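Engineer: Sharing upload_12.txt, compact mmCIF, C-alpha atoms:
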# COMPACT_ATOMS: atom_id res chain seq x y z
CA MET G 167 -61.53 6.03 -3.17
CA ASN G 168 -60.28 9.61 -2.95
CA THR G 169 -62.88 12.05 -4.29
CA MET G 170 -60.91 15.28 -4.13
CA THR G 171 -61.84 17.77 -6.85
CA SER G 172 -59.26 18.10 -9.61
CA PRO G 173 -57.73 21.58 -9.86
CA PRO G 174 -57.72 23.29 -13.25
CA PRO G 175 -54.63 22.38 -15.27
CA ARG G 176 -51.71 24.76 -15.21
CA SER G 177 -49.52 25.43 -18.20
CA ALA G 178 -46.41 23.30 -18.49
CA PRO G 179 -43.10 24.34 -20.07
CA ALA G 180 -42.99 23.95 -23.83
CA GLY G 181 -41.15 20.96 -25.24
CA ASN G 182 -41.65 17.61 -26.89
CA GLU G 183 -40.42 15.42 -24.04
CA HIS G 184 -42.70 14.57 -21.14
CA PRO G 185 -40.74 12.27 -18.79
CA LEU G 186 -43.45 12.49 -16.13
CA GLY G 187 -46.06 11.28 -18.59
CA ASP G 188 -43.73 8.54 -19.82
CA LEU G 189 -43.22 7.29 -16.26
CA LEU G 190 -46.93 7.39 -15.47
CA ARG G 191 -47.78 5.43 -18.62
CA GLN G 192 -45.03 2.92 -17.86
CA TRP G 193 -46.41 2.33 -14.37
CA ARG G 194 -50.00 2.20 -15.59
CA ALA G 195 -48.96 -0.53 -18.02
CA ALA G 196 -47.11 -2.41 -15.28
CA ARG G 197 -50.18 -2.19 -13.01
CA ARG G 198 -52.54 -2.93 -15.92
CA MET G 199 -54.46 0.27 -15.30
CA SER G 200 -56.10 2.40 -17.97
CA GLN G 201 -56.00 6.17 -17.78
CA MET G 202 -59.57 6.07 -16.49
CA ASP G 203 -58.65 3.46 -13.85
CA LEU G 204 -55.86 5.65 -12.49
CA ALA G 205 -57.97 8.81 -12.60
CA LEU G 206 -60.77 7.11 -10.65
CA GLU G 207 -58.34 5.68 -8.10
CA ALA G 208 -56.71 9.11 -7.61
CA GLY G 209 -60.04 10.96 -7.52
CA ILE G 210 -59.28 13.29 -10.44
CA SER G 211 -60.78 13.69 -13.89
CA THR G 212 -59.51 11.64 -16.80
CA ARG G 213 -59.04 14.91 -18.69
CA HIS G 214 -56.76 16.32 -16.03
CA LEU G 215 -54.69 13.12 -15.93
CA SER G 216 -54.44 13.25 -19.73
CA TYR G 217 -53.11 16.81 -19.49
CA VAL G 218 -50.52 15.69 -16.94
CA GLU G 219 -49.38 12.75 -19.08
CA THR G 220 -49.08 14.85 -22.24
CA GLY G 221 -47.30 17.72 -20.51
CA LYS G 222 -50.12 20.22 -20.94
CA ALA G 223 -50.43 20.59 -17.16
CA ARG G 224 -47.86 20.66 -14.38
CA PRO G 225 -49.21 18.72 -11.38
CA SER G 226 -48.76 19.86 -7.81
CA ARG G 227 -46.46 17.92 -5.51
CA GLU G 228 -49.56 16.63 -3.72
CA LEU G 229 -51.04 15.30 -6.94
CA VAL G 230 -47.78 13.56 -7.88
CA ALA G 231 -47.78 11.86 -4.47
CA LEU G 232 -51.45 10.94 -4.94
CA LEU G 233 -50.78 9.33 -8.33
CA ALA G 234 -47.76 7.46 -6.96
CA GLY G 235 -49.90 6.11 -4.14
CA ALA G 236 -52.66 5.06 -6.53
CA LEU G 237 -50.05 3.16 -8.55
CA ASP G 238 -48.62 1.59 -5.37
CA MET G 239 -45.11 2.66 -6.36
CA PRO G 240 -42.11 1.84 -4.13
CA MET G 241 -40.35 4.75 -2.43
CA ARG G 242 -37.43 4.83 -4.87
CA ASP G 243 -39.80 5.17 -7.81
CA ARG G 244 -41.93 7.75 -6.00
CA ASN G 245 -38.77 9.82 -5.62
CA ALA G 246 -38.07 9.46 -9.36
CA LEU G 247 -41.61 10.59 -10.17
CA LEU G 248 -41.26 13.64 -7.91
CA VAL G 249 -37.91 14.56 -9.47
CA VAL G 250 -39.12 14.43 -13.09
CA ALA G 251 -42.13 16.52 -12.00
CA GLY G 252 -39.71 19.17 -10.73
CA TYR G 253 -39.84 18.50 -6.98
CA ALA G 254 -37.35 17.33 -4.38
CA PRO G 255 -37.37 13.63 -3.43
CA GLY G 256 -39.66 12.73 -0.57
CA TYR G 257 -37.82 9.73 0.85
CA ARG G 258 -34.28 9.30 2.08
CA GLU G 259 -31.94 6.42 1.33
CA THR G 260 -29.58 5.62 4.22
CA PRO G 261 -26.79 3.06 3.72
CA LEU G 262 -27.10 0.05 6.00
CA SER G 263 -23.59 0.86 7.29
CA ASP G 264 -24.65 4.32 8.46
CA PRO G 265 -24.65 4.83 12.27
CA GLN G 266 -28.33 5.81 12.03
CA MET G 267 -29.06 2.24 10.97
CA ALA G 268 -27.29 0.62 13.91
CA LEU G 269 -30.53 -0.46 15.61
CA MET G 270 -31.91 -1.91 12.37
CA ARG G 271 -28.69 -3.85 11.78
CA ARG G 272 -28.95 -5.16 15.32
CA ALA G 273 -32.54 -6.24 14.67
CA ILE G 274 -31.49 -8.04 11.48
CA ASP G 275 -28.56 -9.70 13.27
CA CYS G 276 -30.99 -10.94 15.93
CA ILE G 277 -33.34 -12.40 13.31
CA LEU G 278 -30.46 -14.23 11.62
CA ALA G 279 -29.00 -15.47 14.90
CA GLN G 280 -32.36 -16.66 16.24
CA HIS G 281 -32.87 -18.70 13.08
CA GLU G 282 -29.87 -20.93 13.79
CA PRO G 283 -29.05 -23.62 12.80
CA TYR G 284 -31.11 -23.08 9.66
CA PRO G 285 -30.32 -20.96 6.58
CA ALA G 286 -31.37 -17.32 6.34
CA PHE G 287 -30.20 -14.40 4.24
CA VAL G 288 -30.87 -10.74 3.47
CA VAL G 289 -31.19 -9.38 -0.08
CA ASN G 290 -31.85 -5.99 -1.65
CA ARG G 291 -34.29 -5.17 -4.46
CA HIS G 292 -31.93 -6.63 -7.07
CA TRP G 293 -31.44 -9.93 -5.21
CA ASP G 294 -27.88 -9.12 -4.10
CA VAL G 295 -27.01 -10.97 -0.88
CA LEU G 296 -26.14 -8.47 1.87
CA MET G 297 -26.06 -10.65 4.99
CA THR G 298 -26.35 -14.36 5.79
CA SER G 299 -26.77 -16.62 8.79
CA GLN G 300 -24.10 -19.11 9.76
CA GLY G 301 -26.65 -21.81 9.00
CA LEU G 302 -26.79 -20.76 5.37
CA LEU G 303 -23.00 -20.68 5.07
CA ARG G 304 -22.80 -24.21 6.48
CA VAL G 305 -25.54 -25.74 4.30
CA PHE G 306 -24.52 -24.00 1.07
CA GLY G 307 -20.85 -24.61 1.81
CA TRP G 308 -21.56 -28.34 2.17
CA LEU G 309 -23.44 -28.36 -1.13
CA ARG G 310 -20.76 -26.47 -3.04
CA ASP G 311 -17.75 -28.08 -1.34
CA GLY G 312 -16.44 -24.61 -0.57
CA ALA G 313 -16.69 -23.24 -4.14
CA GLN G 314 -17.06 -19.45 -4.34
CA PRO G 315 -20.72 -18.58 -5.02
CA HIS G 316 -22.26 -15.67 -6.87
CA GLY G 317 -23.28 -12.77 -4.65
CA ASN G 318 -26.72 -12.64 -6.25
CA ILE G 319 -29.57 -15.11 -5.63
CA MET G 320 -30.75 -15.13 -9.26
CA ARG G 321 -27.29 -15.97 -10.55
CA GLN G 322 -26.86 -18.63 -7.87
CA VAL G 323 -30.08 -20.38 -8.89
CA PHE G 324 -29.67 -20.12 -12.68
CA ASP G 325 -25.92 -20.66 -13.14
CA PRO G 326 -25.10 -24.36 -13.78
CA ALA G 327 -21.73 -23.71 -12.10
CA ASP G 328 -23.37 -22.58 -8.86
CA MET G 329 -26.43 -23.87 -6.94
CA ARG G 330 -28.52 -24.99 -9.89
CA PRO G 331 -27.23 -28.63 -10.06
CA PHE G 332 -28.19 -29.14 -6.41
CA VAL G 333 -31.80 -27.89 -6.66
CA GLU G 334 -33.90 -30.98 -7.29
CA ASN G 335 -37.08 -29.01 -8.05
CA TRP G 336 -35.16 -26.41 -10.04
CA GLU G 337 -37.82 -25.69 -12.68
CA GLU G 338 -40.43 -24.95 -10.00
CA VAL G 339 -38.10 -22.70 -8.00
CA ALA G 340 -36.57 -20.93 -10.99
CA GLY G 341 -39.98 -20.46 -12.62
CA ASP G 342 -41.29 -18.71 -9.53
CA LEU G 343 -38.21 -16.47 -9.37
CA ILE G 344 -38.56 -15.59 -13.06
CA GLY G 345 -42.11 -14.46 -12.33
CA HIS G 346 -40.86 -12.09 -9.65
CA LEU G 347 -38.09 -10.81 -11.93
CA HIS G 348 -40.46 -10.16 -14.84
CA HIS G 349 -42.67 -8.15 -12.50
CA GLU G 350 -39.72 -6.06 -11.29
CA ALA G 351 -38.21 -5.67 -14.80
CA ALA G 352 -41.38 -3.96 -16.03
CA THR G 353 -40.36 -0.76 -14.22
CA ASP G 354 -36.65 -1.16 -13.40
CA LYS G 355 -33.73 -1.22 -15.87
CA THR G 356 -31.35 -3.07 -13.55
CA SER G 357 -33.92 -5.82 -13.03
CA ARG G 358 -34.45 -5.96 -16.80
CA ALA G 359 -30.71 -6.46 -17.35
CA LEU G 360 -30.62 -9.18 -14.67
CA LEU G 361 -33.60 -10.90 -16.30
CA ASP G 362 -31.87 -10.89 -19.69
CA GLU G 363 -28.72 -12.28 -18.08
CA VAL G 364 -30.36 -15.23 -16.32
CA LEU G 365 -32.49 -16.07 -19.36
CA ALA G 366 -29.24 -16.48 -21.31
CA TYR G 367 -27.98 -19.32 -19.11
CA PRO G 368 -28.07 -22.80 -20.73
CA ASP G 369 -31.30 -24.79 -20.87
CA VAL G 370 -33.55 -22.07 -19.52
CA PRO G 371 -37.06 -22.72 -20.97
CA ALA G 372 -37.82 -20.39 -23.88
CA ARG G 373 -41.33 -19.74 -22.54
CA TRP G 374 -39.81 -17.83 -19.62
CA GLU G 375 -38.71 -15.06 -21.99
CA HIS G 376 -42.26 -13.73 -21.83
CA ARG G 377 -44.15 -12.68 -18.75
CA GLU G 378 -47.05 -14.95 -17.93
CA LEU G 379 -49.92 -12.52 -17.44
CA GLY G 380 -52.18 -13.38 -14.55
CA ALA G 381 -49.63 -15.68 -12.93
CA THR G 382 -49.28 -15.30 -9.18
CA PRO G 383 -46.24 -16.22 -7.06
CA LEU G 384 -46.39 -19.45 -5.12
CA PRO G 385 -47.95 -18.91 -1.65
CA LEU G 386 -45.14 -20.92 -0.08
CA MET G 387 -41.79 -21.55 -1.72
CA THR G 388 -40.36 -25.01 -1.12
CA VAL G 389 -36.89 -25.98 -2.32
CA THR G 390 -35.29 -29.41 -2.24
CA PHE G 391 -31.52 -29.69 -2.41
CA ARG G 392 -29.88 -32.97 -3.37
CA LYS G 393 -26.27 -34.01 -3.12
CA GLY G 394 -25.50 -37.69 -3.56
CA ASP G 395 -27.99 -39.64 -1.46
CA ARG G 396 -28.75 -36.68 0.82
CA ARG G 397 -31.92 -34.63 0.29
CA LEU G 398 -32.67 -31.43 2.21
CA THR G 399 -36.09 -29.79 1.90
CA PHE G 400 -36.89 -26.28 3.15
CA PHE G 401 -39.83 -23.90 2.96
CA SER G 402 -39.25 -20.17 3.19
CA THR G 403 -40.83 -17.09 4.73
CA LEU G 404 -40.06 -13.46 3.87
CA THR G 405 -39.74 -10.55 6.28
CA THR G 406 -39.89 -6.95 5.01
CA PHE G 407 -39.91 -3.54 6.71
CA GLY G 408 -43.23 -2.44 5.28
CA THR G 409 -43.78 0.64 7.47
CA SER G 410 -40.36 2.16 6.89
CA ARG G 411 -39.91 5.62 5.38
CA ASP G 412 -36.35 4.84 4.26
CA ILE G 413 -35.68 3.38 0.80
CA THR G 414 -32.92 1.05 2.00
CA LEU G 415 -35.16 -0.57 4.60
CA GLU G 416 -38.17 -0.79 2.31
CA GLU G 417 -36.11 -2.73 -0.24
CA LEU G 418 -34.59 -5.23 2.22
CA ARG G 419 -35.99 -8.78 2.29
CA ILE G 420 -35.06 -11.35 4.92
CA GLU G 421 -35.65 -14.91 3.78
CA CYS G 422 -35.70 -17.56 6.50
CA MET G 423 -35.58 -21.20 5.41
CA TYR G 424 -37.26 -23.77 7.67
CA PRO G 425 -36.73 -27.54 7.53
CA ALA G 426 -39.71 -29.29 5.95
CA ASP G 427 -38.91 -32.66 7.55
CA ASP G 428 -37.07 -34.16 10.52
CA GLU G 429 -34.16 -35.38 8.40
CA THR G 430 -33.39 -31.87 7.14
CA ALA G 431 -33.61 -30.43 10.65
CA ALA G 432 -31.30 -33.11 12.04
CA PHE G 433 -28.73 -32.56 9.29
CA CYS G 434 -28.66 -28.81 9.92
CA ARG G 435 -28.12 -29.46 13.64
CA SER G 436 -25.31 -31.90 12.88
CA LEU G 437 -23.52 -29.34 10.67
CA ALA G 438 -23.78 -26.78 13.48
CA GLU G 439 -22.37 -29.24 16.03
CA LYS G 440 -19.39 -29.99 13.80
CA ASP G 441 -18.79 -26.24 13.39
CA ALA G 442 -18.94 -25.60 17.16
Please render this file's structure as structure tokens.

Structural biologist:
Amino acid sequence: MNTMTSPPPRSAPAGNEHPLGDLLRQWRAARRMSQMDLALEAGISTRHLSYVETGKARPSRELVALLAGALDMPMRDRNALLVVAGYAPGYRETPLSDPQMALMRRAIDCILAQHEPYPAFVVNRHWDVLMTSQGLLRVFGWLRDGAQPHGNIMRQVFDPADMRPFVENWEEVAGDLIGHLHHEAATDKTSRALLDEVLAYPDVPARWEHRELGATPLPLMTVTFRKGDRRLTFFSTLTTFGTSRDITLEELRIECMYPADDETAAFCRSLAEKDA
């Protein structure tokens, strides 16, 4: 725990709106932290944190960074907190197409290529598909008979006109994804809109409209696809760039799907041989 001494509060500009305080309260609620919890974690007094949240004190850049760290905020949201506090963003966001990202794209291409002939894909923070392996295109193409899919994993799984009819354990898979989306929607408007959209699809359980407090994601996601008499079962692993100081890289997730049985592995190999 950080035990730095809290500096005396400085006067903040007059006004009724305190966007910094609003953001801090929003994140405290998402992290289920009281004002005292956050103050203790950041090593400051509860009184000083109260002054910051109500706009009576303007925090230093260092204190804003300290609070963001105590709340375990992603880089994009740390930038937002710094901006509303009156400071410049601390983290850059470089498009994946930028020449500076050439080595990272090469690394991702290698991961996808090495995973052949099995499915793998790359998504951003809002579950938009950015890159895929050939294995995924073959397996999903076989399931859909070439139909054009959504470009977003959530829509693919929840839309009855996309992958949903082929997911044999759909309620288990979709329920786990809804848990992730509820968690993200607590602090992100785009995720909130996506959550509302997928909840509106037909036959989505009404209980999923509310976040299940205390629920934890499955330690290992397993999905079973079924088409006719053919069943394919995969388990997945996620790769993230956890030590990056770039927003784009921090938000990327690479999901690699592994065959859970010999029949699934053999079918993936046979699809690759036909495509050769």

Engineer: Determine the nearest neighbour of Glu417 in chain G from the options G:Pro326, G:Pro285, G:Pro261, G:Gly301, counting all atoms listed in the file.

Structural biologist: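 Among the listed residues, the smallest separation from Glu417 in chain G belongs to G:Pro261.
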
Engineer: Could you state the separation of CA of Arg304 in chain G and CA of Glu282 in chain G in Å, given to one decimal place?

Structural biologist: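 Calculated distance between CA of Arg304 in chain G and CA of Glu282 in chain G is 10.7 Å.
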
Engineer: Given the choices G:Pro371, G:Pro315, G:Pro240, G:Pro225, which gets closest to Val295 in chain G if the distance is worked out from only C-alpha atoms?

Structural biologist: G:Pro315

Engineer: Could you tell me which of G:Leu343, G:Val333, G:Leu404, G:Leu206 comes closest to Val364 in chain G if we count all atoms listed in the file?

Structural biologist: G:Leu343

Engineer: Looking at G:Ala268, G:Leu190, G:Ala432, G:Ile210, which one is nearest to Ala234 in chain G, with distances taken over all atoms listed in the file?

Structural biologist: G:Leu190

Engineer: Would you place a box with edges along x, y and z of the file around all atoms of range 237-242 of chain G listed there, add 8 Å to each of its six sides, and report the centre and edge lengths in Å to one decimal, as AutoDock Vina command-line options?

Structural biologist:
--center_x -43.7 --center_y 3.2 --center_z -5.5 --size_x 28.6 --size_y 19.2 --size_z 22.1

Engineer: Suppose you want the space between CA of Ala208 in chain G and CA of Val250 in chain G; what is it in Å?

Structural biologist: 19.2 Å

Engineer: Every residue with an atom at most 10 Å from (-30.3, -20.0, -1.2) (file coordinates; all atoms listed in the file) is what I'm after, so could you write them as a list in words?

Structural biologist: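 Checking each residue against the 10 Å limit leaves Pro285, Ala286, Phe287, Val295, Thr298, Leu302, Leu303, Val305, Phe306, Asn318, Ile319, Met320, Gln322, Val323, Met329, Val333, Val389, Phe391, Ser402, Glu421, Cys422 and Met423 of chain G.
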
Engineer: Need to verify the contact set: Met239 in chain G, 12 Å, only C-alpha atoms, exclusion of same-chain residues closer than 3 positions in sequence. Can you return it as a list in words?

Structural biologist: Leu189, Leu190, Gln192, Trp193, Arg194, Ala196, Arg197, Val230, Ala231, Leu232, Leu233, Ala234, Gly235, Ala236, Arg242, Asp243, Arg244, Asn245, Ala246, Leu247, Leu248, Glu350, Thr353, Asp354, Ile413 and Glu416 of chain G

Engineer: Could you tell me how far CA of Pro331 in chain G sits from CA of Arg373 in chain G, in Å to one decimal place?

Structural biologist: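 Separating CA of Arg373 in chain G from CA of Pro331 in chain G is a distance of 20.8 Å.
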
Engineer: Go through G:Ala351, G:Leu309, G:Leu360, G:Leu237 one by one, measure the shortest atom-to-atom distance of each to Arg392 in chain G using all atoms listed in the file, and give the residue with the smallest value.

Structural biologist: G:Leu309

Engineer: Could you check which of G:Pro368, G:Gly317, G:Gly187, G:Gly209 is closest to Arg330 in chain G, using all atoms listed in the file?

Structural biologist: G:Pro368

Engineer: Considering only C-alpha atoms, return as a ChimeraX atom specification whatever protein or nucleic-acid residues lie within 9 Å of Arg271 in chain G, sequence-local ones (same chain, fewer than 5 positions apart) excluded.

Structural biologist: /G:262-263,276

Engineer: Add whatever atoms are absent from range 390-415 of chain G to reach N, CA, C and O atoms, and provide the output as a CSV table (one decimal), in the coordinates of the input.

Structural biologist:
chain,number,residue,atom,x,y,z
G,390,THR,N,-35.9,-28.2,-2.6
G,390,THR,CA,-35.3,-29.4,-2.2
G,390,THR,C,-33.9,-29.5,-2.8
G,390,THR,O,-33.7,-29.4,-4.1
G,391,PHE,N,-32.9,-29.5,-2.0
G,391,PHE,CA,-31.5,-29.7,-2.4
G,391,PHE,C,-31.2,-31.2,-2.4
G,391,PHE,O,-31.6,-31.9,-1.5
G,392,ARG,N,-30.3,-31.6,-3.3
G,392,ARG,CA,-29.9,-33.0,-3.4
G,392,ARG,C,-28.4,-33.0,-3.7
G,392,ARG,O,-27.9,-32.4,-4.6
G,393,LYS,N,-27.7,-33.8,-2.9
G,393,LYS,CA,-26.3,-34.0,-3.1
G,393,LYS,C,-26.0,-35.5,-2.8
G,393,LYS,O,-26.1,-35.9,-1.6
G,394,GLY,N,-25.7,-36.3,-3.8
G,394,GLY,CA,-25.5,-37.7,-3.6
G,394,GLY,C,-26.8,-38.3,-3.1
G,394,GLY,O,-27.8,-38.1,-3.7
G,395,ASP,N,-26.8,-39.0,-2.0
G,395,ASP,CA,-28.0,-39.6,-1.5
G,395,ASP,C,-28.7,-38.7,-0.4
G,395,ASP,O,-29.8,-39.1,0.1
G,396,ARG,N,-28.2,-37.6,-0.2
G,396,ARG,CA,-28.8,-36.7,0.8
G,396,ARG,C,-29.7,-35.7,0.2
G,396,ARG,O,-29.4,-35.0,-0.8
G,397,ARG,N,-30.9,-35.6,0.7
G,397,ARG,CA,-31.9,-34.6,0.3
G,397,ARG,C,-32.3,-33.7,1.5
G,397,ARG,O,-32.6,-34.2,2.6
G,398,LEU,N,-32.3,-32.4,1.2
G,398,LEU,CA,-32.7,-31.4,2.2
G,398,LEU,C,-33.8,-30.6,1.6
G,398,LEU,O,-33.7,-30.0,0.5
G,399,THR,N,-34.9,-30.5,2.4
G,399,THR,CA,-36.1,-29.8,1.9
G,399,THR,C,-36.4,-28.7,2.9
G,399,THR,O,-36.5,-28.9,4.1
G,400,PHE,N,-36.6,-27.5,2.3
G,400,PHE,CA,-36.9,-26.3,3.2
G,400,PHE,C,-38.1,-25.6,2.6
G,400,PHE,O,-38.3,-25.6,1.4
G,401,PHE,N,-38.9,-24.9,3.4
G,401,PHE,CA,-39.8,-23.9,3.0
G,401,PHE,C,-39.4,-22.6,3.5
G,401,PHE,O,-38.7,-22.5,4.6
G,402,SER,N,-39.8,-21.5,2.8
G,402,SER,CA,-39.2,-20.2,3.2
G,402,SER,C,-40.3,-19.2,3.6
G,402,SER,O,-41.5,-19.3,3.1
G,403,THR,N,-40.0,-18.2,4.4
G,403,THR,CA,-40.8,-17.1,4.7
G,403,THR,C,-40.0,-15.8,4.5
G,403,THR,O,-38.8,-15.8,4.6
G,404,LEU,N,-40.7,-14.7,4.1
G,404,LEU,CA,-40.1,-13.5,3.9
G,404,LEU,C,-40.5,-12.4,4.9
G,404,LEU,O,-41.6,-12.3,5.3
G,405,THR,N,-39.5,-11.7,5.4
G,405,THR,CA,-39.7,-10.6,6.3
G,405,THR,C,-39.3,-9.3,5.6
G,405,THR,O,-38.2,-9.2,5.0
G,406,THR,N,-40.2,-8.3,5.6
G,406,THR,CA,-39.9,-7.0,5.0
G,406,THR,C,-40.2,-5.9,6.0
G,406,THR,O,-41.0,-6.1,7.0
G,407,PHE,N,-39.6,-4.7,5.8
G,407,PHE,CA,-39.9,-3.5,6.7
G,407,PHE,C,-40.9,-2.7,6.0
G,407,PHE,O,-40.6,-1.6,5.4
G,408,GLY,N,-42.2,-3.1,6.1
G,408,GLY,CA,-43.2,-2.4,5.3
G,408,GLY,C,-43.6,-1.0,5.7
G,408,GLY,O,-44.1,-0.3,5.0
G,409,THR,N,-43.4,-0.7,7.0
G,409,THR,CA,-43.8,0.6,7.5
G,409,THR,C,-42.6,1.6,7.5
G,409,THR,O,-42.8,2.7,8.0
G,410,SER,N,-41.5,1.3,6.9
G,410,SER,CA,-40.4,2.2,6.9
G,410,SER,C,-40.6,3.3,6.0
G,410,SER,O,-41.3,3.3,5.0
G,411,ARG,N,-39.9,4.5,6.3
G,411,ARG,CA,-39.9,5.6,5.4
G,411,ARG,C,-38.5,5.8,4.8
G,411,ARG,O,-38.2,6.9,4.4
G,412,ASP,N,-37.7,4.8,4.8
G,412,ASP,CA,-36.4,4.8,4.3
G,412,ASP,C,-36.3,3.8,3.1
G,412,ASP,O,-36.7,2.7,3.3
G,413,ILE,N,-35.7,4.2,2.0
G,413,ILE,CA,-35.7,3.4,0.8
G,413,ILE,C,-34.9,2.1,1.1
G,413,ILE,O,-35.3,1.0,0.7
G,414,THR,N,-33.8,2.2,1.7
G,414,THR,CA,-32.9,1.0,2.0
G,414,THR,C,-33.7,0.0,2.8
G,414,THR,O,-33.7,-1.2,2.4
G,415,LEU,N,-34.4,0.4,3.8
G,415,LEU,CA,-35.2,-0.6,4.6
G,415,LEU,C,-36.3,-1.1,3.8
G,415,LEU,O,-36.6,-2.3,3.9
